[in-house]
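A.B. asks: mmCIF, C-alpha atoms, file entry_6.cif:
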```cif
data_start
#
loop_
_atom_site.group_PDB
_atom_site.id
_atom_site.type_symbol
_atom_site.label_atom_id
_atom_site.label_comp_id
_atom_site.auth_asym_id
_atom_site.auth_seq_id
_atom_site.Cartn_x
_atom_site.Cartn_y
_atom_site.Cartn_z
ATOM 1 C CA MET Z 1121 -26.533 72.867 -31.792
ATOM 2 C CA PRO Z 1122 -23.113 72.865 -30.076
ATOM 3 C CA ILE Z 1123 -23.609 71.821 -26.472
ATOM 4 C CA GLU Z 1124 -20.818 72.442 -23.974
ATOM 5 C CA ASN Z 1125 -20.513 69.591 -21.490
ATOM 6 C CA GLU Z 1126 -17.696 70.299 -19.093
ATOM 7 C CA ARG Z 1127 -16.734 69.858 -15.476
ATOM 8 C CA LYS Z 1128 -14.357 72.101 -13.550
ATOM 9 C CA PHE Z 1129 -11.748 71.257 -10.933
ATOM 10 C CA VAL Z 1130 -10.076 73.775 -8.634
ATOM 11 C CA LEU Z 1131 -6.349 73.185 -8.370
ATOM 12 C CA ARG Z 1132 -3.688 74.008 -5.828
ATOM 13 C CA ASP Z 1133 -0.954 75.919 -7.619
ATOM 14 C CA ASP Z 1134 2.406 75.174 -6.060
ATOM 15 C CA GLY Z 1135 4.207 77.597 -8.368
ATOM 16 C CA LEU Z 1136 5.638 74.706 -10.401
ATOM 17 C CA LEU Z 1137 2.531 73.230 -11.999
ATOM 18 C CA GLU Z 1138 2.634 75.523 -15.042
ATOM 19 C CA ALA Z 1139 6.224 74.571 -15.857
ATOM 20 C CA ARG Z 1140 5.433 70.860 -15.443
ATOM 21 C CA LEU Z 1141 2.450 71.118 -17.797
ATOM 22 C CA ALA Z 1142 4.480 73.077 -20.356
ATOM 23 C CA ALA Z 1143 7.094 70.309 -20.384
ATOM 24 C CA LEU Z 1144 4.582 67.552 -21.171
ATOM 25 C CA PRO Z 1145 4.352 66.219 -24.726
ATOM 26 C CA ASN Z 1146 1.245 67.132 -26.740
ATOM 27 C CA VAL Z 1147 0.287 69.997 -24.407
ATOM 28 C CA GLU Z 1148 -0.377 73.322 -26.126
ATOM 29 C CA ARG Z 1149 0.146 76.592 -24.298
ATOM 30 C CA SER Z 1150 -1.735 79.780 -25.123
ATOM 31 C CA LEU Z 1151 -2.252 83.186 -23.560
ATOM 32 C CA LEU Z 1152 -5.873 84.304 -23.493
ATOM 33 C CA ARG Z 1153 -7.082 87.887 -23.185
ATOM 34 C CA GLN Z 1154 -10.808 87.774 -22.764
ATOM 35 C CA ALA Z 1155 -13.636 90.280 -22.383
ATOM 36 C CA TYR Z 1156 -17.302 89.922 -21.596
ATOM 37 C CA LEU Z 1157 -19.443 92.356 -23.526
ATOM 38 C CA ASP Z 1158 -22.396 94.492 -22.493
ATOM 39 C CA VAL Z 1159 -24.901 91.778 -23.509
ATOM 40 C CA SER Z 1160 -25.261 88.612 -21.426
ATOM 41 C CA GLY Z 1161 -23.626 85.544 -22.954
ATOM 42 C CA LEU Z 1162 -21.340 87.405 -25.364
ATOM 43 C CA ARG Z 1163 -17.564 87.256 -25.097
ATOM 44 C CA ILE Z 1164 -14.503 87.995 -27.184
ATOM 45 C CA ARG Z 1165 -11.156 86.326 -26.799
ATOM 46 C CA LEU Z 1166 -7.659 86.834 -28.168
ATOM 47 C CA VAL Z 1167 -5.881 83.486 -28.149
ATOM 48 C CA ASP Z 1168 -2.151 83.824 -28.649
ATOM 49 C CA GLY Z 1169 -0.653 80.393 -29.069
ATOM 50 C CA LYS Z 1170 0.686 77.942 -31.568
ATOM 51 C CA GLY Z 1171 0.001 79.303 -35.032
ATOM 52 C CA GLY Z 1172 -0.206 82.945 -33.953
ATOM 53 C CA PRO Z 1173 -3.022 85.085 -32.593
ATOM 54 C CA ARG Z 1174 -6.670 84.241 -33.188
ATOM 55 C CA HIS Z 1175 -9.655 86.466 -32.396
ATOM 56 C CA ILE Z 1176 -12.796 84.624 -31.295
ATOM 57 C CA PHE Z 1177 -16.370 85.821 -30.771
ATOM 58 C CA THR Z 1178 -18.525 83.576 -28.552
ATOM 59 C CA PHE Z 1179 -22.207 83.245 -27.742
ATOM 60 C CA LYS Z 1180 -22.600 81.139 -24.594
ATOM 61 C CA ARG Z 1181 -25.828 80.700 -22.693
ATOM 62 C CA LEU Z 1182 -27.713 78.167 -20.567
ATOM 63 C CA ILE Z 1183 -30.767 76.956 -22.515
ATOM 64 C CA ASP Z 1184 -33.067 74.199 -21.231
ATOM 65 C CA GLY Z 1185 -30.455 73.018 -18.723
ATOM 66 C CA GLN Z 1186 -27.649 72.783 -21.282
ATOM 67 C CA VAL Z 1187 -24.903 75.254 -22.140
ATOM 68 C CA VAL Z 1188 -25.017 76.290 -25.786
ATOM 69 C CA GLU Z 1189 -21.681 77.647 -27.006
ATOM 70 C CA ILE Z 1190 -21.129 78.969 -30.507
ATOM 71 C CA GLU Z 1191 -17.713 80.353 -31.462
ATOM 72 C CA THR Z 1192 -16.508 82.005 -34.628
ATOM 73 C CA GLU Z 1193 -13.273 83.641 -35.639
ATOM 74 C CA ILE Z 1194 -13.407 87.410 -36.236
ATOM 75 C CA SER Z 1195 -10.960 89.911 -37.695
ATOM 76 C CA PRO Z 1196 -8.469 91.799 -35.511
ATOM 77 C CA ALA Z 1197 -10.270 95.033 -36.456
ATOM 78 C CA ASP Z 1198 -13.638 93.676 -35.268
ATOM 79 C CA PHE Z 1199 -12.022 92.410 -32.071
ATOM 80 C CA LYS Z 1200 -10.580 95.869 -31.431
ATOM 81 C CA ARG Z 1201 -13.994 97.493 -32.015
ATOM 82 C CA LEU Z 1202 -15.754 95.051 -29.707
ATOM 83 C CA TRP Z 1203 -13.059 95.451 -27.043
ATOM 84 C CA THR Z 1204 -14.378 99.012 -26.524
ATOM 85 C CA GLN Z 1205 -17.674 97.437 -25.346
ATOM 86 C CA ARG Z 1206 -16.084 95.239 -22.681
ATOM 87 C CA ARG Z 1207 -17.476 95.075 -19.161
ATOM 88 C CA VAL Z 1208 -15.255 92.467 -17.522
ATOM 89 C CA THR Z 1209 -11.780 91.406 -18.666
ATOM 90 C CA LEU Z 1210 -9.326 88.714 -17.714
ATOM 91 C CA GLN Z 1211 -6.038 87.206 -18.708
ATOM 92 C CA LYS Z 1212 -5.097 83.568 -18.285
ATOM 93 C CA MET Z 1213 -2.465 81.136 -19.431
ATOM 94 C CA ARG Z 1214 -4.030 77.948 -20.768
ATOM 95 C CA TYR Z 1215 -2.523 74.486 -21.200
ATOM 96 C CA SER Z 1216 -4.603 72.142 -23.390
ATOM 97 C CA TRP Z 1217 -4.491 68.553 -24.548
ATOM 98 C CA GLN Z 1218 -6.708 65.811 -25.909
ATOM 99 C CA ASP Z 1219 -7.100 62.581 -23.934
ATOM 100 C CA GLY Z 1220 -9.178 60.186 -26.024
ATOM 101 C CA ALA Z 1221 -12.761 61.509 -26.136
ATOM 102 C CA PHE Z 1222 -11.957 64.171 -23.541
ATOM 103 C CA HIS Z 1223 -10.381 67.606 -23.953
ATOM 104 C CA TRP Z 1224 -8.536 69.108 -20.976
ATOM 105 C CA ASP Z 1225 -7.764 72.779 -20.339
ATOM 106 C CA VAL Z 1226 -5.882 74.064 -17.325
ATOM 107 C CA ASP Z 1227 -6.231 77.795 -16.786
ATOM 108 C CA PHE Z 1228 -3.960 79.942 -14.659
ATOM 109 C CA PHE Z 1229 -5.757 83.234 -14.016
ATOM 110 C CA LYS Z 1230 -3.250 86.083 -13.998
ATOM 111 C CA GLY Z 1231 -3.302 89.493 -12.389
ATOM 112 C CA ASP Z 1232 -1.889 92.606 -14.007
ATOM 113 C CA ASP Z 1233 1.361 91.721 -12.237
ATOM 114 C CA GLY Z 1234 1.543 88.414 -14.149
ATOM 115 C CA GLN Z 1235 1.114 86.367 -10.983
ATOM 116 C CA THR Z 1236 -1.315 83.454 -10.859
ATOM 117 C CA TYR Z 1237 -4.158 83.995 -8.407
ATOM 118 C CA PHE Z 1238 -6.357 80.995 -9.317
ATOM 119 C CA ALA Z 1239 -5.833 77.690 -11.132
ATOM 120 C CA GLN Z 1240 -8.631 75.578 -12.546
ATOM 121 C CA ALA Z 1241 -8.845 72.571 -14.836
ATOM 122 C CA GLU Z 1242 -11.830 71.739 -16.975
ATOM 123 C CA VAL Z 1243 -12.639 68.677 -18.982
ATOM 124 C CA GLU Z 1244 -14.847 68.898 -22.053
ATOM 125 C CA MET Z 1245 -16.799 65.679 -22.418
ATOM 126 C CA PRO Z 1246 -18.939 64.219 -25.191
ATOM 127 C CA GLU Z 1247 -22.544 65.342 -24.801
ATOM 128 C CA GLU Z 1248 -23.781 61.917 -23.662
ATOM 129 C CA HIS Z 1249 -21.354 61.721 -20.694
ATOM 130 C CA ASP Z 1250 -22.553 62.666 -17.209
ATOM 131 C CA THR Z 1251 -19.521 61.664 -15.187
ATOM 132 C CA PRO Z 1252 -16.095 63.179 -15.732
ATOM 133 C CA PRO Z 1253 -13.075 60.935 -16.183
ATOM 134 C CA PRO Z 1254 -10.464 60.702 -13.434
ATOM 135 C CA LEU Z 1255 -8.071 63.641 -13.304
ATOM 136 C CA PRO Z 1256 -4.910 63.117 -15.319
ATOM 137 C CA GLU Z 1257 -1.971 62.005 -13.218
ATOM 138 C CA CYS Z 1258 -0.231 65.366 -13.709
ATOM 139 C CA LEU Z 1259 -3.149 67.111 -11.929
ATOM 140 C CA ALA Z 1260 -4.338 64.581 -9.359
ATOM 141 C CA SER Z 1261 -2.082 65.702 -6.513
ATOM 142 C CA HIS Z 1262 -3.179 69.328 -7.046
ATOM 143 C CA LEU Z 1263 -6.937 68.761 -6.722
ATOM 144 C CA LEU Z 1264 -8.741 70.919 -4.167
ATOM 145 C CA GLY Z 1265 -12.218 69.965 -5.350
ATOM 146 C CA MET Z 1266 -14.651 69.576 -8.228
ATOM 147 C CA ALA Z 1267 -16.970 72.517 -8.841
ATOM 148 C CA PRO Z 1268 -20.667 71.656 -8.765
ATOM 149 C CA PHE Z 1269 -22.155 71.685 -12.267
ATOM 150 C CA GLY Z 1270 -23.443 75.140 -13.162
ATOM 151 C CA ASP Z 1271 -22.038 76.827 -10.048
ATOM 152 C CA GLU Z 1272 -21.559 80.456 -11.104
ATOM 153 C CA ARG Z 1273 -18.752 80.994 -8.564
ATOM 154 C CA PHE Z 1274 -16.429 79.053 -10.873
ATOM 155 C CA THR Z 1275 -17.154 80.764 -14.190
ATOM 156 C CA SER Z 1276 -14.293 82.642 -15.797
ATOM 157 C CA LYS Z 1277 -16.399 85.793 -15.673
ATOM 158 C CA ARG Z 1278 -16.612 85.567 -11.861
ATOM 159 C CA LEU Z 1279 -12.998 84.449 -11.494
ATOM 160 C CA ALA Z 1280 -11.923 87.547 -13.435
ATOM 161 C CA ASP Z 1281 -12.623 89.355 -10.158
ATOM 162 C CA ARG Z 1282 -9.377 88.610 -8.334
ATOM 163 C CA ALA Z 1283 -10.839 89.422 -4.914
ATOM 164 C CA HIS Z 1284 -13.707 86.953 -5.483
ATOM 165 C CA ALA Z 1285 -11.284 84.263 -6.707
ATOM 166 C CA GLU Z 1286 -8.938 84.711 -3.740
ATOM 167 C CA ARG Z 1287 -11.850 84.602 -1.227
ATOM 168 C CA LEU Z 1288 -13.222 81.488 -2.925
ATOM 169 C CA LEU Z 1289 -9.836 79.777 -2.845
ATOM 170 C CA ALA Z 1290 -9.373 80.675 0.844
ATOM 171 C CA GLN Z 1291 -12.833 79.205 1.643
ATOM 172 C CA ILE Z 1292 -12.050 75.996 -0.214
ATOM 173 C CA ARG Z 1293 -8.739 75.591 1.586
ATOM 174 C CA HIS Z 1294 -10.266 76.433 4.980
ATOM 175 C CA LYS Z 1295 -13.149 73.964 4.559
ATOM 176 C CA GLY Z 1296 -10.981 71.285 2.946
ATOM 177 C CA GLY Z 1297 -13.109 71.173 -0.192
ATOM 178 C CA ILE Z 1298 -15.918 72.762 -2.173
ATOM 179 C CA GLU Z 1299 -19.377 73.126 -0.664
#
```
Turn this file's structure into structure tokens for me.

C.D. replies:
Amino acid sequence: MPIENERKFVLRDDGLLEARLAALPNVERSLLRQAYLDVSGLRIRLVDGKGGPRHIFTFKRLIDGQVVEIETEISPADFKRLWTQRRVTLQKMRYSWQDGAFHWDVDFFKGDDGQTYFAQAEVEMPEEHDTPPPLPECLASHLLGMAPFGDERFTSKRLADRAHAERLLAQIRHKGGIE
């Protein structure tokens, strides 16, 4: 069963981080349009990146203390049909790269105006790892804090709510870290 083992890091976006990531070698950029459906744990995603658009259907749920995530590609027509069942939507620009056994994604959550309102990195680790690796050098100076494992405040579904994300970011900055 595919187990997701990731840790999330809230980043300070100085307005230049996206451009610096895009300029790095071996970093792939993709635009994600994502919707959560009317059944818990189901999501659809349009990933527009290298190689053209891909439509992904995902089942993701916490089971026995582990996150099970199963993804499969679907047709554009099925994506369009399922999009009519959306409850929560978001758009984010993602920068991804592999670093040995670890996979890094940096997401810039975007409002309808195209402006970034929240930036977060996540590292996908092999299932047997409990401790995340150090942040890559390109992110280290932007770290505001590491999200506690399983903390719902930092899920993409919650961060799709711009007001929630902006309040959360203000709290983190005010307190000097994540509580």

A.B. asks: With range 1186-1200 of chain Z as the partner and 12 Å as the cut-off, tabulate the residues of range 1211-1251 of chain Z that qualify, each row holding the nearest pair of atoms and their distance in Å to one decimal, using all atoms listed in the file, sorted by chain and rising number, as a Markdown table.

C.D. replies:
```
| residue | atom | partner | partner_atom | distance |
| --- | --- | --- | --- | --- |
| Z:Glu1244 | CA | Z:Val1187 | CA | 11.9 |
| Z:Glu1247 | CA | Z:Gln1186 | CA | 9.7 |
| Z:Glu1248 | CA | Z:Gln1186 | CA | 11.8 |
```

A.B. asks: For Met1245 in chain Z, work out the shell of residues within 7 Å, counting all atoms listed in the file and skipping chain neighbours fewer than 3 positions away, then give it as a list in words.

C.D. replies: Asn1125, Glu1126, Ala1221, Phe1222, His1223 and His1249 of chain Z

A.B. asks: Compare Z:Thr1275, Z:Arg1153, Z:Glu1148, Z:His1294 by their minimum atom-to-atom distance to Trp1224 in chain Z, counting all atoms listed in the file, and give me the closest one.

C.D. replies: Z:Glu1148

A.B. asks: Work out how far CA of Trp1217 in chain Z is from CA of Asn1146 in chain Z, in Å to one decimal.

C.D. replies: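 For CA of Asn1146 in chain Z relative to CA of Trp1217 in chain Z, the distance reads 6.3 Å.
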
A.B. asks: Expanded to explicit residues, what is the PyMOL selection byres ((chain Z and resi 1161) around 6) for this file, as a list in words?

C.D. replies: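 So the PyMOL selection byres ((chain Z and resi 1161) around 6) ends up selecting Ser1160, Leu1162, Phe1179, Lys1180 and Arg1181 of chain Z.
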
A.B. asks: Just give me the gap between CA of Gly1297 in chain Z and CA of Arg1127 in chain Z in Å, one decimal is fine.

C.D. replies: 15.8 Å

A.B. asks: Which residues match the PyMOL selection byres ((chain Z and resi 1141) around 12) in the file above, as a PyMOL selection string?

C.D. replies: chain Z and resi 1133+1135-1140+1142-1149+1213-1217+1224-1228+1241+1256-1259

A.B. asks: May I ask which of the residues Z:Arg1207, Z:Arg1293, Z:Arg1201, Z:Arg1165 is the closest one to Val1130 in chain Z, counting only C-alpha atoms?

C.D. replies: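 Among Z:Arg1207, Z:Arg1293, Z:Arg1201, Z:Arg1165, it is Z:Arg1293 that comes nearest to Val1130 in chain Z.
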
A.B. asks: Identify which of the residues Z:Pro1253, Z:Gly1270, Z:Gly1172, Z:Gly1231 lies closest to Glu1286 in chain Z, counting all atoms listed in the file when measuring atom-to-atom distances.

C.D. replies: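 Between Z:Pro1253, Z:Gly1270, Z:Gly1172, Z:Gly1231, the residue approaching Glu1286 in chain Z most closely is Z:Gly1231.
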
A.B. asks: So, counting only C-alpha atoms, which residue among Z:Ser1276, Z:Leu1182, Z:Phe1229, Z:Leu1202 is closest to Leu1157 in chain Z?

C.D. replies: Z:Leu1202

A.B. asks: In Å to one decimal, how far is CA of Lys1212 in chain Z from CA of Ile1298 in chain Z?

C.D. replies: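 These atoms are spaced 22.2 Å apart.
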
A.B. asks: Convert the output of the PyMOL selection byres ((chain Z and resi 1238) around 7) on the shown file into explicit residues, formatted as a list of chain:residue names.

C.D. replies: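 Applying the PyMOL selection byres ((chain Z and resi 1238) around 7) to the structure shown produces Z:Phe1228, Z:Phe1229, Z:Thr1236, Z:Tyr1237, Z:Ala1239, Z:Gln1240, Z:Ala1285.
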
A.B. asks: Find the residues with any atom within 8 Å of (-20.1, 98.1, -22.7); use all atoms listed in the file and the coordinates as given in the file, and write the answer as a list in words.

C.D. replies: Leu1157, Asp1158, Val1159, Thr1204, Gln1205, Arg1206 and Arg1207 of chain Z

A.B. asks: Write a file of the selected residues as an mmCIF file, keeping the file's coordinate frame, keeping C-alpha atoms.

C.D. replies:
```
data_model
loop_
_atom_site.group_PDB
_atom_site.id
_atom_site.type_symbol
_atom_site.label_atom_id
_atom_site.label_comp_id
_atom_site.auth_asym_id
_atom_site.auth_seq_id
_atom_site.Cartn_x
_atom_site.Cartn_y
_atom_site.Cartn_z
ATOM 1 C CA LEU Z 1157 -19.443 92.356 -23.526
ATOM 2 C CA ASP Z 1158 -22.396 94.492 -22.493
ATOM 3 C CA VAL Z 1159 -24.901 91.778 -23.509
ATOM 4 C CA THR Z 1204 -14.378 99.012 -26.524
ATOM 5 C CA GLN Z 1205 -17.674 97.437 -25.346
ATOM 6 C CA ARG Z 1206 -16.084 95.239 -22.681
ATOM 7 C CA ARG Z 1207 -17.476 95.075 -19.161
#
```

A.B. asks: Of the candidates Z:Ile1176, Z:Leu1210, Z:Val1167, Z:Leu1289, which one gets nearest to Arg1132 in chain Z if we count all atoms listed in the file?

C.D. replies: Z:Leu1289
